[in-house]
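Please read the structure below before turning to the comments.
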Amino acid sequence: MPNQIVSPLRTVKKYFFTFGSLPNVLAPRTFNEKVNARKFFDHRRIFQTWVDKLAVRDWVAGVKPGYDQLLPVLHHVTSDPADIPFDQLPDRFVIKASHGSGWLRIVKDKATIDRKAIIAECRKWLALNYYDVNLEGAYKNIPPRILIEEFLDNGSGEAPEDYKLYVFHGRVEIIQVDVARFGQHRRKIYDRNWQEQQVELSVTTYAGTLPPPPQLARLIEVAETLAGDIDFVRADLYLVGDRIYFGEMTPSSGNGFNRFTPASFDAVMGAFWKLESPPRLLLNSLRRPRDKA
């Protein structure tokens, strides 16, 4: 059976086993349905640029003068992990694959690492196509490479909070804050005015209080500038002191399998997104890579 048929069938099957219903991708109403409709019908080339962790760096730098300062330092890029210059790297760094999501390793003390194990893990990533793993078409043709980037420190030796800003039609509507992502991962959901939303999104809600960051207006400005007027994208940013760093652009947030509690919030999120019809979405694939809408 052709892969163009197998992949949607696998997605629909996973959706049914996750939510107990079939996704309506022809007339989607909820956020998850709209993410899946985009995966089925909207193949804009900009999505591949965004999810390619190397290509997106050049894209961000070109969005606006000075936006190159949002990027963490890039120490090394390779398609052969055997040539990683461990001796020349700083004591702390982050290793990630350009062509997948979640394929990364944080190194906090270079002296304690098993270099052979890291090289083997990187080779495993390079041998995989993330499209085969997660059925997100934007990842299908990304050249596999290993990136080594600057480790961002929150001041306590840990990674900083992750601010994920959901931008619909050029406007941030929802802000997701991930706390201790590489430890006891917790999450809070806010609107653009920092009003907490009574919803749990896939990860247990953080029990503490998170005051609005002093740079909230700037975070929103950066996210909206990066998004332009596209119908939806999630812009992930970090704060280190008073400096904003770019994380990633995510056109299919949660891969369309976000677990909302209460489930009704799926429709609340979906209402922000005015998705075009399937034929119009298919036409989007003909647009140039830097087109935003």
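Labels for the structure tokens follow display order: chains A, B, ..., residues from 1 in each chain, ligands from 1.
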Would you list the contacts of A:Tyr245 as a list in words, taking every protein, DNA or RNA residue within 9 Å and counting only C-alpha atoms, but skipping same-chain residues closer than 6 positions in sequence? Gln69, Leu70, Leu71, Pro72, Leu152, Asp236, Leu237, Tyr238 and Leu239 of chain A
DSSP on the backbone, then: every residue of stretch 54-291 of chain A marked strand (DSSP E or B), written as a ChimeraX atom specification. /A:74-78,93-97,104-107,146-150,162-168,171-179,186-191,196,200-201,203,205,232-240,243-250,260-261
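Checking A:Ala217, A:Ala271, A:Ala97, A:Val222 one by one against A:Val51, counting only C-alpha atoms, you find the shortest gap at A:Ala97.
Using only C-alpha atoms, the smallest distance between any of A:Asn129, A:Leu210, A:Asp178, A:Tyr166 and A:Phe232 comes from A:Tyr166.
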Taking the chain letters and numbering used in this document, name the residues of stretch 62-174 of chain A that DSSP puts in helix (DSSP H, G or I), as a PyMOL selection string. chain A and resi 62-63+67-70+81-83+86-88+110-112+115-126+130-134+137-139
Could those selected residues go to a file with N, CA and C atoms, as a tab-separated table (two decimals), in the first residue's frame?
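Now in again.tsv:
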chain	number	residue	atom	x	y	z
A	62	GLY	N	17.54	35.95	9.54
A	62	GLY	CA	17.10	36.77	8.43
A	62	GLY	C	15.75	37.43	8.62
A	63	VAL	N	15.04	37.08	9.70
A	63	VAL	CA	13.71	37.64	9.91
A	63	VAL	C	13.77	39.14	10.16
A	67	TYR	N	18.20	39.72	15.03
A	67	TYR	CA	17.63	38.48	15.52
A	67	TYR	C	18.65	37.35	15.57
A	68	ASP	N	19.82	37.53	14.96
A	68	ASP	CA	20.88	36.55	15.13
A	68	ASP	C	21.30	36.45	16.59
A	69	GLN	N	21.04	37.52	17.37
A	69	GLN	CA	21.39	37.52	18.79
A	69	GLN	C	20.46	36.64	19.62
A	70	LEU	N	19.37	36.20	19.03
A	70	LEU	CA	18.47	35.28	19.73
A	70	LEU	C	19.01	33.85	19.75
A	81	PRO	N	29.48	11.78	13.78
A	81	PRO	CA	29.76	12.08	15.19
A	81	PRO	C	31.14	11.70	15.66
A	82	ALA	N	31.87	10.88	14.89
A	82	ALA	CA	33.24	10.53	15.28
A	82	ALA	C	34.15	11.75	15.27
A	83	ASP	N	33.76	12.81	14.53
A	83	ASP	CA	34.63	13.99	14.48
A	83	ASP	C	34.22	15.08	15.46
A	86	PHE	N	35.47	16.92	21.13
A	86	PHE	CA	35.18	16.98	22.56
A	86	PHE	C	36.20	17.83	23.33
A	87	ASP	N	37.47	17.69	22.98
A	87	ASP	CA	38.50	18.40	23.74
A	87	ASP	C	38.41	19.92	23.57
A	88	GLN	N	37.86	20.36	22.44
A	88	GLN	CA	37.74	21.79	22.18
A	88	GLN	C	36.42	22.39	22.66
A	110	LYS	N	31.66	17.90	31.03
A	110	LYS	CA	32.31	17.13	29.96
A	110	LYS	C	33.22	16.04	30.50
A	111	ALA	N	33.79	16.27	31.68
A	111	ALA	CA	34.75	15.32	32.23
A	111	ALA	C	34.10	13.99	32.61
A	112	THR	N	32.78	13.96	32.75
A	112	THR	CA	32.12	12.75	33.24
A	112	THR	C	31.43	11.94	32.14
A	115	ARG	N	32.27	9.24	25.96
A	115	ARG	CA	32.30	9.75	24.59
A	115	ARG	C	31.83	8.71	23.58
A	116	LYS	N	32.24	7.46	23.78
A	116	LYS	CA	31.83	6.41	22.85
A	116	LYS	C	30.32	6.21	22.87
A	117	ALA	N	29.72	6.31	24.04
A	117	ALA	CA	28.27	6.14	24.15
A	117	ALA	C	27.54	7.29	23.46
A	118	ILE	N	28.07	8.50	23.58
A	118	ILE	CA	27.46	9.66	22.92
A	118	ILE	C	27.56	9.51	21.41
A	119	ILE	N	28.72	9.10	20.92
A	119	ILE	CA	28.89	8.90	19.48
A	119	ILE	C	27.91	7.84	18.98
A	120	ALA	N	27.74	6.76	19.74
A	120	ALA	CA	26.82	5.70	19.34
A	120	ALA	C	25.37	6.21	19.31
A	121	GLU	N	25.01	7.01	20.31
A	121	GLU	CA	23.66	7.56	20.35
A	121	GLU	C	23.40	8.49	19.16
A	122	CYS	N	24.39	9.31	18.84
A	122	CYS	CA	24.26	10.21	17.69
A	122	CYS	C	24.11	9.43	16.39
A	123	ARG	N	24.86	8.35	16.26
A	123	ARG	CA	24.75	7.51	15.05
A	123	ARG	C	23.35	6.89	14.95
A	124	LYS	N	22.79	6.53	16.07
A	124	LYS	CA	21.43	5.97	16.08
A	124	LYS	C	20.44	7.02	15.58
A	125	TRP	N	20.57	8.27	16.05
A	125	TRP	CA	19.69	9.33	15.56
A	125	TRP	C	19.84	9.52	14.06
A	126	LEU	N	21.09	9.56	13.60
A	126	LEU	CA	21.36	9.83	12.19
A	126	LEU	C	20.79	8.74	11.28
A	130	TYR	N	12.75	10.84	11.23
A	130	TYR	CA	11.73	11.15	12.22
A	130	TYR	C	10.32	11.04	11.65
A	131	TYR	N	10.21	11.20	10.34
A	131	TYR	CA	8.90	11.02	9.70
A	131	TYR	C	8.39	9.60	9.90
A	132	ASP	N	9.28	8.62	9.81
A	132	ASP	CA	8.87	7.24	10.02
A	132	ASP	C	8.46	6.99	11.47
A	133	VAL	N	9.03	7.76	12.38
A	133	VAL	CA	8.74	7.59	13.81
A	133	VAL	C	7.42	8.25	14.17
A	134	ASN	N	7.22	9.51	13.70
A	134	ASN	CA	6.11	10.32	14.20
A	134	ASN	C	5.14	10.80	13.13
A	137	GLY	N	5.17	15.06	8.21
A	137	GLY	CA	5.76	15.16	6.88
A	137	GLY	C	6.86	16.18	6.75
A	138	ALA	N	6.82	17.24	7.58
A	138	ALA	CA	7.83	18.30	7.47
A	138	ALA	C	9.24	17.77	7.74
A	139	TYR	N	9.35	16.67	8.48
A	139	TYR	CA	10.66	16.11	8.83
A	139	TYR	C	11.22	15.17	7.77
Which residues come within 10 Å of A:Gly157, counting only C-alpha atoms, excluding same-chain residues fewer than 6 positions away, as a ChimeraX atom specification? /A:92,108,151
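Rounded to one decimal, atom CA of A:Leu219 and atom CA of A:Arg187 lie 17.8 Å from each other.
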With a distance cut-off of 9 Å and only C-alpha atoms, select the neighbouring residues of A:Asp52, excluding the residue or stretch itself and same-chain residues fewer than 5 positions from it, and output the selection as an mmCIF file with N, CA, C and O atoms, in the first residue's frame.
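Here's the written file out-v1.cif:
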data_model
loop_
_atom_site.group_PDB
_atom_site.id
_atom_site.type_symbol
_atom_site.label_atom_id
_atom_site.label_comp_id
_atom_site.auth_asym_id
_atom_site.auth_seq_id
_atom_site.Cartn_x
_atom_site.Cartn_y
_atom_site.Cartn_z
ATOM 1 N N PHE A 47 7.588 24.931 6.565
ATOM 2 C CA PHE A 47 7.510 24.035 7.718
ATOM 3 C C PHE A 47 8.779 23.194 7.834
ATOM 4 O O PHE A 47 9.276 22.945 8.935
ATOM 5 N N ARG A 57 18.080 28.280 11.996
ATOM 6 C CA ARG A 57 18.955 29.302 12.555
ATOM 7 C C ARG A 57 19.180 30.425 11.527
ATOM 8 O O ARG A 57 19.100 31.610 11.869
ATOM 9 N N SER A 98 19.481 17.440 14.007
ATOM 10 C CA SER A 98 18.811 18.482 13.235
ATOM 11 C C SER A 98 17.456 18.045 12.716
ATOM 12 O O SER A 98 16.603 18.885 12.415
ATOM 13 N N HIS A 99 17.224 16.739 12.605
ATOM 14 C CA HIS A 99 16.122 16.215 11.807
ATOM 15 C C HIS A 99 15.048 15.507 12.633
ATOM 16 O O HIS A 99 14.258 14.730 12.093
ATOM 17 N N GLY A 100 15.000 15.780 13.947
ATOM 18 C CA GLY A 100 14.005 15.132 14.786
ATOM 19 C C GLY A 100 13.590 16.017 15.936
ATOM 20 O O GLY A 100 14.052 17.157 16.073
ATOM 21 N N ALA A 138 6.824 17.244 7.576
ATOM 22 C CA ALA A 138 7.832 18.299 7.470
ATOM 23 C C ALA A 138 9.236 17.773 7.742
ATOM 24 O O ALA A 138 10.229 18.350 7.297
ATOM 25 N N TYR A 139 9.348 16.665 8.478
ATOM 26 C CA TYR A 139 10.657 16.113 8.831
ATOM 27 C C TYR A 139 11.221 15.168 7.768
ATOM 28 O O TYR A 139 12.378 14.767 7.855
ATOM 29 N N ILE A 142 14.654 16.223 5.708
ATOM 30 C CA ILE A 142 15.688 17.029 6.366
ATOM 31 C C ILE A 142 17.009 16.261 6.373
ATOM 32 O O ILE A 142 17.055 15.097 6.796
ATOM 33 N N PRO A 143 18.101 16.872 5.921
ATOM 34 C CA PRO A 143 19.406 16.206 5.993
ATOM 35 C C PRO A 143 19.771 15.917 7.450
ATOM 36 O O PRO A 143 19.736 16.831 8.290
#
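Nearest-residue note for A:Phe17: choosing from A:Leu281, A:Arg44, A:Leu226, A:Phe257, the minimum distance belongs to A:Phe257, counting only C-alpha atoms.
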Across A:Asn193, A:Leu201, A:Val107, A:Asn36, the smallest distance to A:Val177, with only C-alpha atoms counted, is shown by A:Leu201
